[in-house]
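**Q** Input: one structure, supplied below.
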Amino acid sequence: MPRSGIRYGGDYNPEQWPEEVWADDVALMAEAGVDLVTVAVFAWSELQGGPGRELEGGWLDRVLDLLDQAGVRVDLATATASPPPWLAASHPEILPVTAAGVRLSPGGRQHYCPSSPVYREAAVDLVERMARRYGGHPALELWHIGNEFGCHVPACYCDVSAAAFRAWLQDRYGDIDELNRAWGTAFWSQRYRSFDEVLPPRIAPTFPNPAQRLDYRRFSNDELLACYQAEKAVLRELTPEVPVTTNLMGLFRPVDGWRWAAEMDVVSVDRYPDPADPNAHIGAALVADLTRSLAGPRPWYLMEQAPGAVNWRPINAAKSRGQYRRWSLQAVARGADAILQFQWRASAAGAEKFHSAMVPHAGTDTHLWREVVALGADLVRLAPVAGRPVPAEVAVLLDWESWWGLELDSHPSAEVRQVALLLELYTPLFEAGFVVDVAHPAADLSAYALVVIPALYSVGDGTAANIDGYVRRGGVAVVTYFSAVVDTADRIQLGGYPAPWREMLGLAVEEFAPMPAGTTDRLTGVLAAATSSARRWEERIQLRGAEALLSLASGPLEGGAAVTVHDHGLGAAYYMATSPDPATTAEVLAHAASRAGVSPAARVPSGVEVVQRGDHLFLINHAEDMRQVDIGEAEREDLLAGGRHSGVANLGPGEVLVLGAVEVPPGPDAPTPPR
Amino acid sequence: MPRSGIRYGGDYNPEQWPEEVWADDVALMAEAGVDLVTVAVFAWSELQGGPGRELEGGWLDRVLDLLDQAGVRVDLATATASPPPWLAASHPEILPVTAAGVRLSPGGRQHYCPSSPVYREAAVDLVERMARRYGGHPALELWHIGNEFGCHVPACYCDVSAAAFRAWLQDRYGDIDELNRAWGTAFWSQRYRSFDEVLPPRIAPTFPNPAQRLDYRRFSNDELLACYQAEKAVLRELTPEVPVTTNLMGLFRPVDGWRWAAEMDVVSVDRYPDPADPNAHIGAALVADLTRSLAGPRPWYLMEQAPGAVNWRPINAAKSRGQYRRWSLQAVARGADAILQFQWRASAAGAEKFHSAMVPHAGTDTHLWREVVALGADLVRLAPVAGRPVPAEVAVLLDWESWWGLELDSHPSAEVRQVALLLELYTPLFEAGFVVDVAHPAADLSAYALVVIPALYSVGDGTAANIDGYVRRGGVAVVTYFSAVVDTADRIQLGGYPAPWREMLGLAVEEFAPMPAGTTDRLTGVLAAATSSARRWEERIQLRGAEALLSLASGPLEGGAAVTVHDHGLGAAYYMATSPDPATTAEVLAHAASRAGVSPAARVPSGVEVVQRGDHLFLINHAEDMRQVDIGEAEREDLLAGGRHSGVANLGPGEVLVLGAVEVPPGPDAPTPPR
Amino acid sequence: MPRSGIRYGGDYNPEQWPEEVWADDVALMAEAGVDLVTVAVFAWSELQGGPGRELEGGWLDRVLDLLDQAGVRVDLATATASPPPWLAASHPEILPVTAAGVRLSPGGRQHYCPSSPVYREAAVDLVERMARRYGGHPALELWHIGNEFGCHVPACYCDVSAAAFRAWLQDRYGDIDELNRAWGTAFWSQRYRSFDEVLPPRIAPTFPNPAQRLDYRRFSNDELLACYQAEKAVLRELTPEVPVTTNLMGLFRPVDGWRWAAEMDVVSVDRYPDPADPNAHIGAALVADLTRSLAGPRPWYLMEQAPGAVNWRPINAAKSRGQYRRWSLQAVARGADAILQFQWRASAAGAEKFHSAMVPHAGTDTHLWREVVALGADLVRLAPVAGRPVPAEVAVLLDWESWWGLELDSHPSAEVRQVALLLELYTPLFEAGFVVDVAHPAADLSAYALVVIPALYSVGDGTAANIDGYVRRGGVAVVTYFSAVVDTADRIQLGGYPAPWREMLGLAVEEFAPMPAGTTDRLTGVLAAATSSARRWEERIQLRGAEALLSLASGPLEGGAAVTVHDHGLGAAYYMATSPDPATTAEVLAHAASRAGVSPAARVPSGVEVVQRGDHLFLINHAEDMRQVDIGEAEREDLLAGGRHSGVANLGPGEVLVLGAVEVPPGPDAPTPPR
């Protein structure tokens, strides 16, 4: 019987410990308020001793029973993420191969070719055995299919993959001349006479065909998804009532979040911000917003985070005091219904033994354990928030297929990266107090007053029209450079960039002018401050109705437009032909927000994050000193510390305040809460 | 019927476009004054559908007819640069293999082993078909064999190449003990007992034998050249009257310009200076001078340049206003008879779609198109210059074989690079207004008053004597450190460096002393300024008659000579035992030029390039502000703007002035023009 | 008949030269005082023409006879270091394979798989022929087995190695479940069901199992050692009276100095400090101290150093004036009984032709040759020092197996490197004038007053107890962070780091907090100066009896302990939870030395190295100006310059003073020499 509030727990790998430790585990789980654990993610080799063999499940039976007795529910993994040594030993052809032809070895994890029929059959066999044995276990609450699909091996280039790619292409294009057209093979003498001639984009003397590479990213995503779907099909058949998930990885290029999330009952994510990065909480907020957006009406879980340091960066900073709590509560603020950690008990051996865990090597007389226990108590207090929505009036657009194209090589500038641009635009919105959804460019955007479009390199006709229609009907869009440059086959849309949006933007771009790294040019115009500058990219623009808000005041294109706005139908379209400095970027977005009629939540001091979830207001002080926030005159409940607040609330360094619903005051007019 | 002046045009790839675009192409060519296009460079896969099959040449027939009707002549490619997918699919053994054993994949271009008999036969078959079908076409003016030989795959290390290497070695050395002597195999237990044991210098535990590596560079150049020669032989037989070329790549290490140029009727080069490099025009001038020198009495063409940005650097700057014109006219000034671009119309697909072209994606209502048209008009005005020579009294020496040796590993300093040193010495000559030839060290140098020899690492006996004789007979030579260190088998010339020139230089070098990167030592002496410093390299020198012009004033060799001069026969030999700062280098060269009795052209202000071609004087202002030049009292025709100039001419920022012959004035004494 | 003093000479490779040069060689050897040369290190291909063939030893017979006649003794190599081309040509399976599966090529050197039975048999066959032919030659003094074992190819990953690894594992673990326990294969689904499934840690999708990698380093060391032992067994049988050695490489990770030195009669080392590094002499001193410690009571030889520059760094600085002499005499001061160079005569060909030698390319009228001759004379004067011991009261601990574990990946910080930490602690001891031994952690440490333990990552139970007992019995230990973290199977020692030493140190570490590169935090406390700072690493510490000498005064762990001391038994244990700046590190060590009751030798000015060997005192001025040293009132002989000194001695820039024993003065009390 799961607790109805925010779930708490983590990956639990009892197979790494002698059985006498297990009783201690459940006792400590109770102390910390843990009610959900993920079990058996990497247990295949402990569960099965050879192909088609019976499960060696006695230990797992006992683990599940023990957890059940303790009231801890289980997110049970299908255990297929890492095949056991015997599978690679008997079938080395399942091992993945790099683009340079190196066959990767077992010894780490995820060493399988996603197209391998041998791997898929073995995985499905295992899943069927797991479902039959544990599908009815009372502790079972959720199936966890595989693990971090695409991590380490986003694509395989072996001959098995090549054959699968050819079948995929035949399916997509029907005949070879259609492929030739899509890939532009008239260039560099690449015309295929038969599908049999086509290969994966293995390492070549120079840039391989970009459309081939793009299709290989599509294919590889599809093949990984097919692995997931094959497992899911078994589970749906045998345990139709048990929901399924797999852990996505946030802004992770190889797998298309939209396609994957559509296949899940609970959308979950692994999130590992770097404690050494002073802006890590902003990227973390974006990942939370993305996951909430992927989930839509379904719940989303923070499936993995580290209570302290990770072990896979070159230098792995510890979390500073309160950071674990703050980042966890940020996820709750932004919609998470579960806060789960990797992992429960720190491993004593293996490649992740220096990854922090809820129970550290040093045991429970530790600062870290006390933080773990305290967060468990916080989450109990936040039970009223569970399941509540997080409203947003602003969206940023993200399309994995466009991202794949954007980051191909042989482009004007290798410095144009999807996540970096996304963060450059998300950050000022975050700092101004906007809650932002992430949306697919083909989605219905009518709920948003403002839509921000960072480097949406490729758009199909439908998508282009969707954005255009959104603006015509009154929306406000902010489009950056290097958007709508190509169609979905990575073919230039001719006649001046961005061809499908020239009318909407009231301009045409003649020529791109990427800037050398580290250089800037000055900006002038109505939105400019004395220090405003352009970075990374400039363009030679013809204005055709658009108004320049910022212009170049130095450099080879001096006098040209840099940021413009154009009325289009009932709405307005902004164009950013450069990456201004952060303050100027914030000015541009503030201007657009104002045009869209949305305003940030009550002005909060810098460093304070503010999010409304349901009726509750979260205030998170990421700064290292005290901040004051005006929360309005009405009294509101303090869910964490207890008591009530009104007027100016003091937020100590790193502190978090969660306020309940505004209580209707005796007077006639309800004050407006700071959204 | 070709225009008689400077040719204009570029690569034309109509196979990438629907046929309806072609008519537009020829109309625009007329507008821009295009009269020469290169066709079919990468069209093999569009021209032939399988091994030995008939040409699918209908489309090309129509293209050539259309061009002919429009009066545009054709540099027709043999189309062999990139084999079609069917060739690699049926013969994967043609694919090149890296030194680490990775077989490269098709998907890019130039994916063939130069030693592959399969590739060579297929290429020769194609060339024969091309020659038979198009050899008599009225549009055909020039054959373009292959494309950028050695680009991407300068050498292949496969087993086919290994066998070819053994045959090449047998041919070179006759018996294995001769090879053992040449390679010094007594070192590190490398003595071969038979040619069968010899391998390419594949990746080894540590530095492979340097003489083996040097011979592999020779062999690889020869194998590429053999590909070229095989095609040329077919063309010579079938179309003896049609000249041939292939596009060299300037200061490109893998192929020996001297050997290749000797096989061409027109010498052509691809030149892509980086618009973001403020000194790019100097390197561009050097490439032009090199190509003119390679061509000797034959014409040279700028076969490829970009009208704007390229796409293969990490960040690809656009050309700034006038840069396209300026760099093009620089090439004309330095002897080019054709200015051709890659490419005519910007591709919509493929790995080079972001490479600029004469017709940009944005069409003809663009700044770039207007620059393209304007340059076409300029070139018409420069017709009188076509075919005229560019005289030079100064030469820098360059020998590809020495370069190959120079840049092997396990050397005193990896910072000694051929092109960098060449540019360090070329730059002050360029800035002083000297026009410089590039010469082979074994060439007759008697036409030059001054010969500059940057790091000529290896010299054979004949070459060493050639330079010595040049000085004895009155020449002035400037030799830098790390010259004449080894013989042509990469074997040290013993007894004190540079052994063959100790007498000429009047000194002996005991020991090299490379300097840590970024460090300097002070220099004193008659040529020193307060800021004079040594960089990169010092030496322990015994003076044996030479006079020190600069000495080390700090560092471990304080007091030792750094730059010397020595009378030798009727001439003088300078030795630079270090790389001084640029200003001091300029002083050294000015001293040598003075000793040689050559003086720069009339002192031009910094940033202005001055070149005499035939009777015409080119003045190119690379600076961003106005410069004034005294062009003498006689009136001279302004070929570009029309009108006449005398006295002080104003050169606006980025402007170019081409002046006609000095007209004989009425007075008795003709003024000397600023050469 | 060897000279009884310090031996002098180098590698002599006459096979690279025509026979007429050999007479010149022996004459020059006489001039320089050379009495020991190493011959035939890379002569296999000159000595044998095919598998099992007779030696082609005529040339070597003549060389040895010539040397013998000249009174030069020979360190004769077994010539197995680099197999000849015919062996790899007929048995390509002997070639080593990288972790990525690349089979390395011949062409360099040391291209053999250490586990290859084919290679081992061929090597043993050769050694047997060498021993039979030369074992009785009068010039023979020492056998030189192989060369720099592990250099270039520290491990091979081929299938032959895989099989050998499985056998090694079977031997180590007996049954597969023992291996599973040791390697922690319950993590990431890595449990093996049979030894047949185990592979080398080849390149995998992510971090391979660290215990597998650790065992592979152990196995690879063992396999290399087995090659050495196989050769040694032949020599012991055929020439039991001839001592054997091989040249170790100092602080070289792949081979375990302790294991190897135990197999030698003379311990020898190759040492190549970088002349461009101003602190190179400190690292050089450490290598000398290490080699002396490895040798224990046996003699140690400096087997290779360069008289000038090497050729394998990117930039190879020449030695500055006196550096060759100074570093050579430093080795003698620290116990060396032979100063040998690579090599005698500089090669004219091959990959090391730019490596300096005793006879340079420029011949004998050179500064370098004069330095070579002068050093030979110095060594004659130092004959009284030969064989004398170098006493030390301080030891630093080094264990190769721990080092192998320390530098695995997936650790808290990749910046924690064994040699860097060792040097950070050794440097202040060196600068204070302490002579330091290097000791194995399991050794008897009772002779030392102070033991310094830099990042001893793994300790077994016995080792942990050894250190604990050392302190209990009155020793003083300084332990740094990341010590005793794991056991010998790389398994965490649980309960708070460093678990086995928590009691000894009086503290427990809860959590590691590595610091971002380049950042610092302030330190306060009794040992702090105003500028004291923490770098690289911090920890969350619980003090359990220890006293904080330094605490963190900024950063996330502000207020926590950084350096502590704790009385334990009769001794004291210091803990350094960070890497302080150098001055503060020196303060910590001075505090510990004071606690240990050891004091540096008479305070010498900075830059002067002081070492006592036997009765002799070496004073080496590494600074570039004059230094003065008070050597006490008694008169002492100046062994190098002759004469006698007392009171204050002047040491010119770069000068070396070797003083004889203190002569007993007439008065009653002998003064104490500066140790």
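Lettering and numbering for the structure tokens are positional, with chains as A, B, ... in the shown order, residues counted from 1 in each chain, and ligands counted from 1 in the shown order.
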Please identify all residues of chain C having at least one atom at most 7 Å from any atom of chain A, considering only C-alpha atoms, and return them as number ranges by chain.
**A** C: 100-101, 184, 186-192, 197, 201-210, 410-414, 490-492, 494-496, 510, 512-516, 556
**Q** Show which residues sit within 10 Å of B:Arg253, as a list in words. Count only C-alpha atoms, and ignore same-chain residues fewer than 2 positions away.
**A** Gly150, Cys151, Pro154, Arg217, Asn221, Met249, Gly250, Leu251, Val255, Asp256, Gly257, Trp400, Glu401, Trp403, Trp404, Glu407, Gln418 and Val419 of chain B
**Q** Suppose we keep N, CA, C and O atoms; can you now write the selection as an mmCIF file, in the first residue's frame?
**A**
```cif
data_model
loop_
_atom_site.group_PDB
_atom_site.id
_atom_site.type_symbol
_atom_site.label_atom_id
_atom_site.label_comp_id
_atom_site.auth_asym_id
_atom_site.auth_seq_id
_atom_site.Cartn_x
_atom_site.Cartn_y
_atom_site.Cartn_z
ATOM 1 N N GLY B 150 45.327 13.308 -52.678
ATOM 2 C CA GLY B 150 45.980 13.230 -51.374
ATOM 3 C C GLY B 150 45.188 13.859 -50.245
ATOM 4 O O GLY B 150 45.504 13.645 -49.068
ATOM 5 N N CYS B 151 44.172 14.627 -50.587
ATOM 6 C CA CYS B 151 43.327 15.213 -49.540
ATOM 7 C C CYS B 151 42.581 14.073 -48.836
ATOM 8 O O CYS B 151 42.062 13.184 -49.495
ATOM 9 N N PRO B 154 46.089 10.804 -47.551
ATOM 10 C CA PRO B 154 47.420 10.981 -48.125
ATOM 11 C C PRO B 154 48.197 9.679 -48.270
ATOM 12 O O PRO B 154 49.118 9.608 -49.062
ATOM 13 N N ARG B 217 56.348 8.194 -47.302
ATOM 14 C CA ARG B 217 55.796 9.440 -47.848
ATOM 15 C C ARG B 217 56.157 9.578 -49.327
ATOM 16 O O ARG B 217 55.344 9.998 -50.139
ATOM 17 N N ASN B 221 53.280 9.498 -52.272
ATOM 18 C CA ASN B 221 53.218 10.537 -53.300
ATOM 19 C C ASN B 221 53.294 9.900 -54.690
ATOM 20 O O ASN B 221 52.533 10.248 -55.595
ATOM 21 N N MET B 249 46.999 21.804 -53.895
ATOM 22 C CA MET B 249 46.441 22.437 -52.707
ATOM 23 C C MET B 249 47.436 23.362 -52.011
ATOM 24 O O MET B 249 47.352 23.594 -50.800
ATOM 25 N N GLY B 250 48.384 23.871 -52.770
ATOM 26 C CA GLY B 250 49.297 24.865 -52.204
ATOM 27 C C GLY B 250 50.301 24.243 -51.267
ATOM 28 O O GLY B 250 50.968 23.273 -51.620
ATOM 29 N N LEU B 251 50.418 24.782 -50.073
ATOM 30 C CA LEU B 251 51.400 24.294 -49.103
ATOM 31 C C LEU B 251 50.836 23.064 -48.409
ATOM 32 O O LEU B 251 50.565 23.055 -47.211
ATOM 33 N N VAL B 255 51.583 15.878 -51.195
ATOM 34 C CA VAL B 255 52.009 15.699 -52.591
ATOM 35 C C VAL B 255 53.051 16.751 -52.978
ATOM 36 O O VAL B 255 52.938 17.926 -52.643
ATOM 37 N N ASP B 256 54.069 16.267 -53.662
ATOM 38 C CA ASP B 256 55.244 17.060 -54.008
ATOM 39 C C ASP B 256 54.909 17.938 -55.204
ATOM 40 O O ASP B 256 54.863 17.473 -56.349
ATOM 41 N N GLY B 257 54.690 19.211 -54.924
ATOM 42 C CA GLY B 257 54.289 20.144 -55.972
ATOM 43 C C GLY B 257 55.201 20.114 -57.189
ATOM 44 O O GLY B 257 54.735 20.221 -58.334
ATOM 45 N N TRP B 400 59.760 19.318 -51.016
ATOM 46 C CA TRP B 400 58.809 18.481 -50.295
ATOM 47 C C TRP B 400 59.500 17.324 -49.566
ATOM 48 O O TRP B 400 59.124 16.977 -48.457
ATOM 49 N N GLU B 401 60.516 16.748 -50.182
ATOM 50 C CA GLU B 401 61.159 15.588 -49.536
ATOM 51 C C GLU B 401 61.816 16.005 -48.224
ATOM 52 O O GLU B 401 61.769 15.282 -47.223
ATOM 53 N N TRP B 403 60.830 18.533 -46.417
ATOM 54 C CA TRP B 403 59.683 18.819 -45.540
ATOM 55 C C TRP B 403 59.192 17.529 -44.886
ATOM 56 O O TRP B 403 58.908 17.488 -43.685
ATOM 57 N N TRP B 404 59.082 16.473 -45.696
ATOM 58 C CA TRP B 404 58.634 15.189 -45.122
ATOM 59 C C TRP B 404 59.564 14.752 -44.006
ATOM 60 O O TRP B 404 59.128 14.235 -42.981
ATOM 61 N N GLU B 407 59.380 17.028 -40.645
ATOM 62 C CA GLU B 407 58.243 16.901 -39.733
ATOM 63 C C GLU B 407 58.010 15.470 -39.260
ATOM 64 O O GLU B 407 56.923 15.129 -38.798
ATOM 65 N N GLN B 418 57.605 23.333 -41.200
ATOM 66 C CA GLN B 418 58.034 23.922 -42.471
ATOM 67 C C GLN B 418 57.248 25.170 -42.833
ATOM 68 O O GLN B 418 57.830 26.204 -43.174
ATOM 69 N N VAL B 419 55.930 25.082 -42.803
ATOM 70 C CA VAL B 419 55.138 26.216 -43.281
ATOM 71 C C VAL B 419 55.281 27.404 -42.342
ATOM 72 O O VAL B 419 55.378 28.555 -42.778
#
```
**Q** Report the distance between atom CA of B:Glu587 and atom CA of B:Gly525 in Å, rounded to one decimal place.
**A**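 Interatomic distance here is 11.6 Å.
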**Q** Need the shell around stretch 371-381 of chain A: protein/DNA/RNA residues with any atom at most 8 Å away, counting only C-alpha atoms. Skip same-chain ones fewer than 3 positions apart. Format as a list in words?
**A**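 Answer for this query is Gly5, Ile6, Arg7, Tyr8, Glu31, Ala32, Gly33, Val34, Pro307, Gly322, Tyr324, Arg325, Met358, His367, Leu368, Pro384, Leu639 and Leu640 of chain A.
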**Q** Using all C-alpha atoms matched in sequence order, least-squares fit chain A onto chain B and give the RMSD rounded to one decimal in Å.
**A**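 Across the paired C-alpha atoms, the RMSD reaches 0.1 Å.
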